Amino acid sequence: MSETTDTQTLSRSDFTSPFIEIGRDEWARLAGETPMPLTEEEVAAYRGLNEPLDLAEVSEVYRPLSRLLGQYAIAKRDMHRRTRGFLGRETDEPSPFVLGIAGSVAVGKSTVARILRDLLARWPETPLVQLVTTDGFLYPNAELERRGIAHRKGFPESYDRRALLRFVSQVKAGVPEVRAPHYSHLVYDIVPDEYTVVTRPDILIVEGLNVLQPASMERPLAVADLFDFSIYVDARTSDIETWFTDRFLRLKDEAFRDPESHFRRFAGLNDDQARALAHEFWKGINEPNLIENIRPTRARASLVLRKEADHRVQKVLLRKL
């Protein structure tokens, strides 16, 4: 099925689609009287490599989204209170609200996660919001080499899915302190003895390529089954490839020049060589992963943010209740 046809099937706003399609202008109005707590300076700090972002985008897209998520979190807490009363267990504490964010490499999901983390933390009902990326649950490079899948890094089989599931399960169970391994994009590997510590947050955001993967006969429980809400960041494949290439060129001129960078060998490439290499990486790794594993999970999301070529969200698809 072509991408255009697939997108039309996903977003068709009739009874055959599980989603309500909302245009940007209508979505922006749904913010209502929700305050805009972030400044232009704070928004500038969220911008990814070659990813334009301004106060208007945050106000018109992420402010109404944070309002919706806040309502979901409040409703979950109220449902917990009612269930606790039904069971007669008045001392049980509510479990954290868990939000999953999925999408391709270079689509901007990390930026979405950081914006929502800080917006949601400004609301009095959810003051403690913590963010974990699934990069920390990649197998170390040595283990990927041992398994013969180093060339499949980022594909579902390159993650320690059991450890990720155990981590989110412990957070949901209210364990006071849960640790996630730390991944360094500079050295392109797990950093031994470094962790992100999660301490019973009101909201936990889990961001990663494959977080919406379904369960299977071999794995009857998936991490997505523990999400209270999920977001898929979407765009045309051709636009994502352009963003990936542009980001690679920026990294070549900046981060790759760090002597400790795993990709230090690419710092001396000229722009044409860098574009050719980025195209090779995209066609050999990132596009197949997107087509085979990531995009098929899009319809499982609670909400889809559809970006256009300028990185601006122009359409929101919200799952019907």
# chains A, B, ... in the order shown; residues from 1 in each chain; ligands from 1

$ residues_around --residues "Pro140 (chain A)" --least-positions-apart "3" --cutoff "6 Å" --atoms "only C-alpha atoms" --output "VMD selection string"
chain A and resid 143 189 to 190

$ residues_around --residues "Arg295 (chain A)" --least-positions-apart "6" --cutoff "9 Å" --atoms "only C-alpha atoms" --output "ChimeraX atom specification"
/A:103-104,232,234,289

$ residues_around --residues "Leu144 (chain A)" --least-positions-apart "2" --cutoff "12 Å" --atoms "only C-alpha atoms" --output "list in words"
Leu138, Tyr139, Pro140, Asn141, Ala142, Arg146, Arg147, Gly148, Ile149, Ala150, His151, Arg152, Lys153, Gly154, Phe155, Glu157, Ser158, Tyr159, Asp160, Asp189 and Ile190 of chain A

$ residues_around --residues "region 76-84 of chain A" --least-positions-apart "2" --cutoff "10 Å" --atoms "only C-alpha atoms" --output "VMD selection string"
chain A and resid 70 to 74 86 to 97 125 202 228

$ write_last_selection --atoms "C-alpha atoms" --output "tab-separated table (two decimals), in the first residue's frame"
chain	number	residue	atom	x	y	z
A	70	GLY	CA	-3.74	16.75	31.82
A	71	GLN	CA	-7.41	15.82	31.61
A	72	TYR	CA	-6.54	12.20	30.88
A	73	ALA	CA	-4.17	12.13	33.87
A	74	ILE	CA	-6.81	13.65	36.16
A	86	PHE	CA	-14.79	-0.19	45.45
A	87	LEU	CA	-12.03	-2.53	46.66
A	88	GLY	CA	-11.89	-0.98	50.11
A	89	ARG	CA	-8.16	-0.33	49.80
A	90	GLU	CA	-7.95	3.26	50.93
A	91	THR	CA	-4.17	3.23	51.36
A	92	ASP	CA	-3.29	2.28	47.77
A	93	GLU	CA	-1.43	5.04	45.92
A	94	PRO	CA	-2.29	5.82	42.27
A	95	SER	CA	0.19	4.57	39.72
A	96	PRO	CA	2.00	7.08	37.48
A	97	PHE	CA	0.36	8.11	34.22
A	125	GLU	CA	-2.06	18.26	39.20
A	202	ASP	CA	3.05	11.85	38.38
A	228	ASP	CA	-2.17	5.31	29.48

$ closest_residue --among "A:Thr16, A:Thr245, A:Ser261, A:Asn286" --to "Tyr188 (chain A)" --atoms "only C-alpha atoms"
A:Ser261

$ residues_around --residues "Pro176 (chain A)" --least-positions-apart "2" --cutoff "8 Å" --atoms "only C-alpha atoms" --output "PyMOL selection string"
chain A and resi 171+174+178+199-200

$ write_last_selection --atoms "N, CA, C and O atoms" --output "compact mmCIF listing (two decimals), in the first residue's frame"
# COMPACT_ATOMS: atom_id res chain seq x y z
N VAL A 171 7.79 1.04 37.49
CA VAL A 171 7.31 2.41 37.66
C VAL A 171 5.81 2.40 37.89
O VAL A 171 5.30 3.06 38.80
N GLY A 174 4.67 1.49 41.31
CA GLY A 174 4.94 2.42 42.40
C GLY A 174 6.24 2.16 43.14
O GLY A 174 6.41 2.65 44.27
N VAL A 178 13.44 3.61 40.42
CA VAL A 178 13.70 2.68 39.33
C VAL A 178 14.74 3.31 38.41
O VAL A 178 14.65 4.50 38.08
N THR A 199 11.67 8.44 40.08
CA THR A 199 11.24 8.40 41.48
C THR A 199 9.75 8.70 41.63
O THR A 199 9.35 9.82 41.94
N ARG A 200 8.93 7.73 41.33
CA ARG A 200 7.48 7.81 41.49
C ARG A 200 6.92 9.12 40.92
O ARG A 200 6.33 9.92 41.66

$ decode --residues "region 84-108 of chain A" --atoms "N, CA, C and O atoms" --output "PDB file, in the first residue's frame"
ATOM      1  N   ARG A  84     -10.326   2.215  44.118  1.00  0.00           N
ATOM      2  CA  ARG A  84      -9.818   2.004  45.472  1.00  0.00           C
ATOM      3  C   ARG A  84     -10.970   1.922  46.475  1.00  0.00           C
ATOM      4  O   ARG A  84     -10.982   1.071  47.366  1.00  0.00           O
ATOM      5  N   GLY A  85     -11.965   2.805  46.305  1.00  0.00           N
ATOM      6  CA  GLY A  85     -13.131   2.756  47.180  1.00  0.00           C
ATOM      7  C   GLY A  85     -13.928   1.479  46.988  1.00  0.00           C
ATOM      8  O   GLY A  85     -14.403   0.874  47.958  1.00  0.00           O
ATOM      9  N   PHE A  86     -14.052   1.045  45.737  1.00  0.00           N
ATOM     10  CA  PHE A  86     -14.788  -0.189  45.448  1.00  0.00           C
ATOM     11  C   PHE A  86     -14.120  -1.389  46.124  1.00  0.00           C
ATOM     12  O   PHE A  86     -14.791  -2.270  46.673  1.00  0.00           O
ATOM     13  N   LEU A  87     -12.774  -1.408  46.088  1.00  0.00           N
ATOM     14  CA  LEU A  87     -12.029  -2.527  46.661  1.00  0.00           C
ATOM     15  C   LEU A  87     -11.825  -2.399  48.162  1.00  0.00           C
ATOM     16  O   LEU A  87     -11.391  -3.353  48.818  1.00  0.00           O
ATOM     17  N   GLY A  88     -12.109  -1.209  48.693  1.00  0.00           N
ATOM     18  CA  GLY A  88     -11.889  -0.982  50.107  1.00  0.00           C
ATOM     19  C   GLY A  88     -10.422  -0.901  50.478  1.00  0.00           C
ATOM     20  O   GLY A  88     -10.042  -1.254  51.599  1.00  0.00           O
ATOM     21  N   ARG A  89      -9.606  -0.446  49.555  1.00  0.00           N
ATOM     22  CA  ARG A  89      -8.161  -0.326  49.800  1.00  0.00           C
ATOM     23  C   ARG A  89      -7.783   1.150  49.798  1.00  0.00           C
ATOM     24  O   ARG A  89      -7.189   1.670  48.846  1.00  0.00           O
ATOM     25  N   GLU A  90      -8.095   1.811  50.871  1.00  0.00           N
ATOM     26  CA  GLU A  90      -7.947   3.256  50.928  1.00  0.00           C
ATOM     27  C   GLU A  90      -6.495   3.718  50.957  1.00  0.00           C
ATOM     28  O   GLU A  90      -6.203   4.881  50.716  1.00  0.00           O
ATOM     29  N   THR A  91      -5.575   2.815  51.250  1.00  0.00           N
ATOM     30  CA  THR A  91      -4.168   3.232  51.361  1.00  0.00           C
ATOM     31  C   THR A  91      -3.397   3.080  50.045  1.00  0.00           C
ATOM     32  O   THR A  91      -2.255   3.500  49.959  1.00  0.00           O
ATOM     33  N   ASP A  92      -3.989   2.471  49.043  1.00  0.00           N
ATOM     34  CA  ASP A  92      -3.291   2.284  47.767  1.00  0.00           C
ATOM     35  C   ASP A  92      -3.026   3.625  47.099  1.00  0.00           C
ATOM     36  O   ASP A  92      -3.917   4.477  46.994  1.00  0.00           O
ATOM     37  N   GLU A  93      -1.794   3.820  46.636  1.00  0.00           N
ATOM     38  CA  GLU A  93      -1.429   5.040  45.920  1.00  0.00           C
ATOM     39  C   GLU A  93      -1.687   4.863  44.427  1.00  0.00           C
ATOM     40  O   GLU A  93      -1.508   3.771  43.881  1.00  0.00           O
ATOM     41  N   PRO A  94      -2.091   5.938  43.722  1.00  0.00           N
ATOM     42  CA  PRO A  94      -2.290   5.823  42.273  1.00  0.00           C
ATOM     43  C   PRO A  94      -0.965   5.585  41.556  1.00  0.00           C
ATOM     44  O   PRO A  94       0.078   6.079  41.977  1.00  0.00           O
ATOM     45  N   SER A  95      -1.019   4.811  40.495  1.00  0.00           N
ATOM     46  CA  SER A  95       0.194   4.569  39.717  1.00  0.00           C
ATOM     47  C   SER A  95       0.450   5.753  38.789  1.00  0.00           C
ATOM     48  O   SER A  95      -0.475   6.488  38.430  1.00  0.00           O
ATOM     49  N   PRO A  96       1.701   5.975  38.391  1.00  0.00           N
ATOM     50  CA  PRO A  96       2.001   7.081  37.483  1.00  0.00           C
ATOM     51  C   PRO A  96       1.266   6.939  36.154  1.00  0.00           C
ATOM     52  O   PRO A  96       1.016   5.827  35.678  1.00  0.00           O
ATOM     53  N   PHE A  97       0.926   8.061  35.573  1.00  0.00           N
ATOM     54  CA  PHE A  97       0.364   8.114  34.221  1.00  0.00           C
ATOM     55  C   PHE A  97       1.531   7.955  33.256  1.00  0.00           C
ATOM     56  O   PHE A  97       2.508   8.708  33.317  1.00  0.00           O
ATOM     57  N   VAL A  98       1.464   6.968  32.366  1.00  0.00           N
ATOM     58  CA  VAL A  98       2.573   6.693  31.460  1.00  0.00           C
ATOM     59  C   VAL A  98       2.186   7.076  30.037  1.00  0.00           C
ATOM     60  O   VAL A  98       1.173   6.598  29.504  1.00  0.00           O
ATOM     61  N   LEU A  99       2.999   7.935  29.434  1.00  0.00           N
ATOM     62  CA  LEU A  99       2.779   8.453  28.085  1.00  0.00           C
ATOM     63  C   LEU A  99       3.878   7.929  27.166  1.00  0.00           C
ATOM     64  O   LEU A  99       5.064   8.111  27.444  1.00  0.00           O
ATOM     65  N   GLY A 100       3.503   7.252  26.087  1.00  0.00           N
ATOM     66  CA  GLY A 100       4.472   6.782  25.100  1.00  0.00           C
ATOM     67  C   GLY A 100       4.509   7.694  23.888  1.00  0.00           C
ATOM     68  O   GLY A 100       3.459   8.176  23.432  1.00  0.00           O
ATOM     69  N   ILE A 101       5.704   7.953  23.365  1.00  0.00           N
ATOM     70  CA  ILE A 101       5.865   8.790  22.170  1.00  0.00           C
ATOM     71  C   ILE A 101       6.735   8.037  21.168  1.00  0.00           C
ATOM     72  O   ILE A 101       7.875   7.674  21.471  1.00  0.00           O
ATOM     73  N   ALA A 102       6.192   7.786  19.971  1.00  0.00           N
ATOM     74  CA  ALA A 102       6.872   6.992  18.951  1.00  0.00           C
ATOM     75  C   ALA A 102       7.010   7.787  17.665  1.00  0.00           C
ATOM     76  O   ALA A 102       6.349   8.804  17.456  1.00  0.00           O
ATOM     77  N   GLY A 103       7.862   7.277  16.774  1.00  0.00           N
ATOM     78  CA  GLY A 103       8.054   7.890  15.461  1.00  0.00           C
ATOM     79  C   GLY A 103       9.436   7.584  14.929  1.00  0.00           C
ATOM     80  O   GLY A 103      10.283   7.031  15.626  1.00  0.00           O
ATOM     81  N   SER A 104       9.673   7.974  13.704  1.00  0.00           N
ATOM     82  CA  SER A 104      10.923   7.681  13.014  1.00  0.00           C
ATOM     83  C   SER A 104      12.102   8.445  13.593  1.00  0.00           C
ATOM     84  O   SER A 104      11.948   9.458  14.293  1.00  0.00           O
ATOM     85  N   VAL A 105      13.279   7.976  13.256  1.00  0.00           N
ATOM     86  CA  VAL A 105      14.491   8.781  13.429  1.00  0.00           C
ATOM     87  C   VAL A 105      14.283  10.115  12.710  1.00  0.00           C
ATOM     88  O   VAL A 105      13.702  10.167  11.619  1.00  0.00           O
ATOM     89  N   ALA A 106      14.711  11.218  13.325  1.00  0.00           N
ATOM     90  CA  ALA A 106      14.736  12.559  12.716  1.00  0.00           C
ATOM     91  C   ALA A 106      13.364  13.202  12.534  1.00  0.00           C
ATOM     92  O   ALA A 106      13.271  14.280  11.956  1.00  0.00           O
ATOM     93  N   VAL A 107      12.285  12.581  13.043  1.00  0.00           N
ATOM     94  CA  VAL A 107      10.967  13.171  12.867  1.00  0.00           C
ATOM     95  C   VAL A 107      10.668  14.224  13.927  1.00  0.00           C
ATOM     96  O   VAL A 107       9.712  15.000  13.795  1.00  0.00           O
ATOM     97  N   GLY A 108      11.458  14.273  15.008  1.00  0.00           N
ATOM     98  CA  GLY A 108      11.269  15.294  16.032  1.00  0.00           C
ATOM     99  C   GLY A 108      10.564  14.815  17.284  1.00  0.00           C
ATOM    100  O   GLY A 108      10.118  15.632  18.093  1.00  0.00           O
TER     101      GLY A 108
END
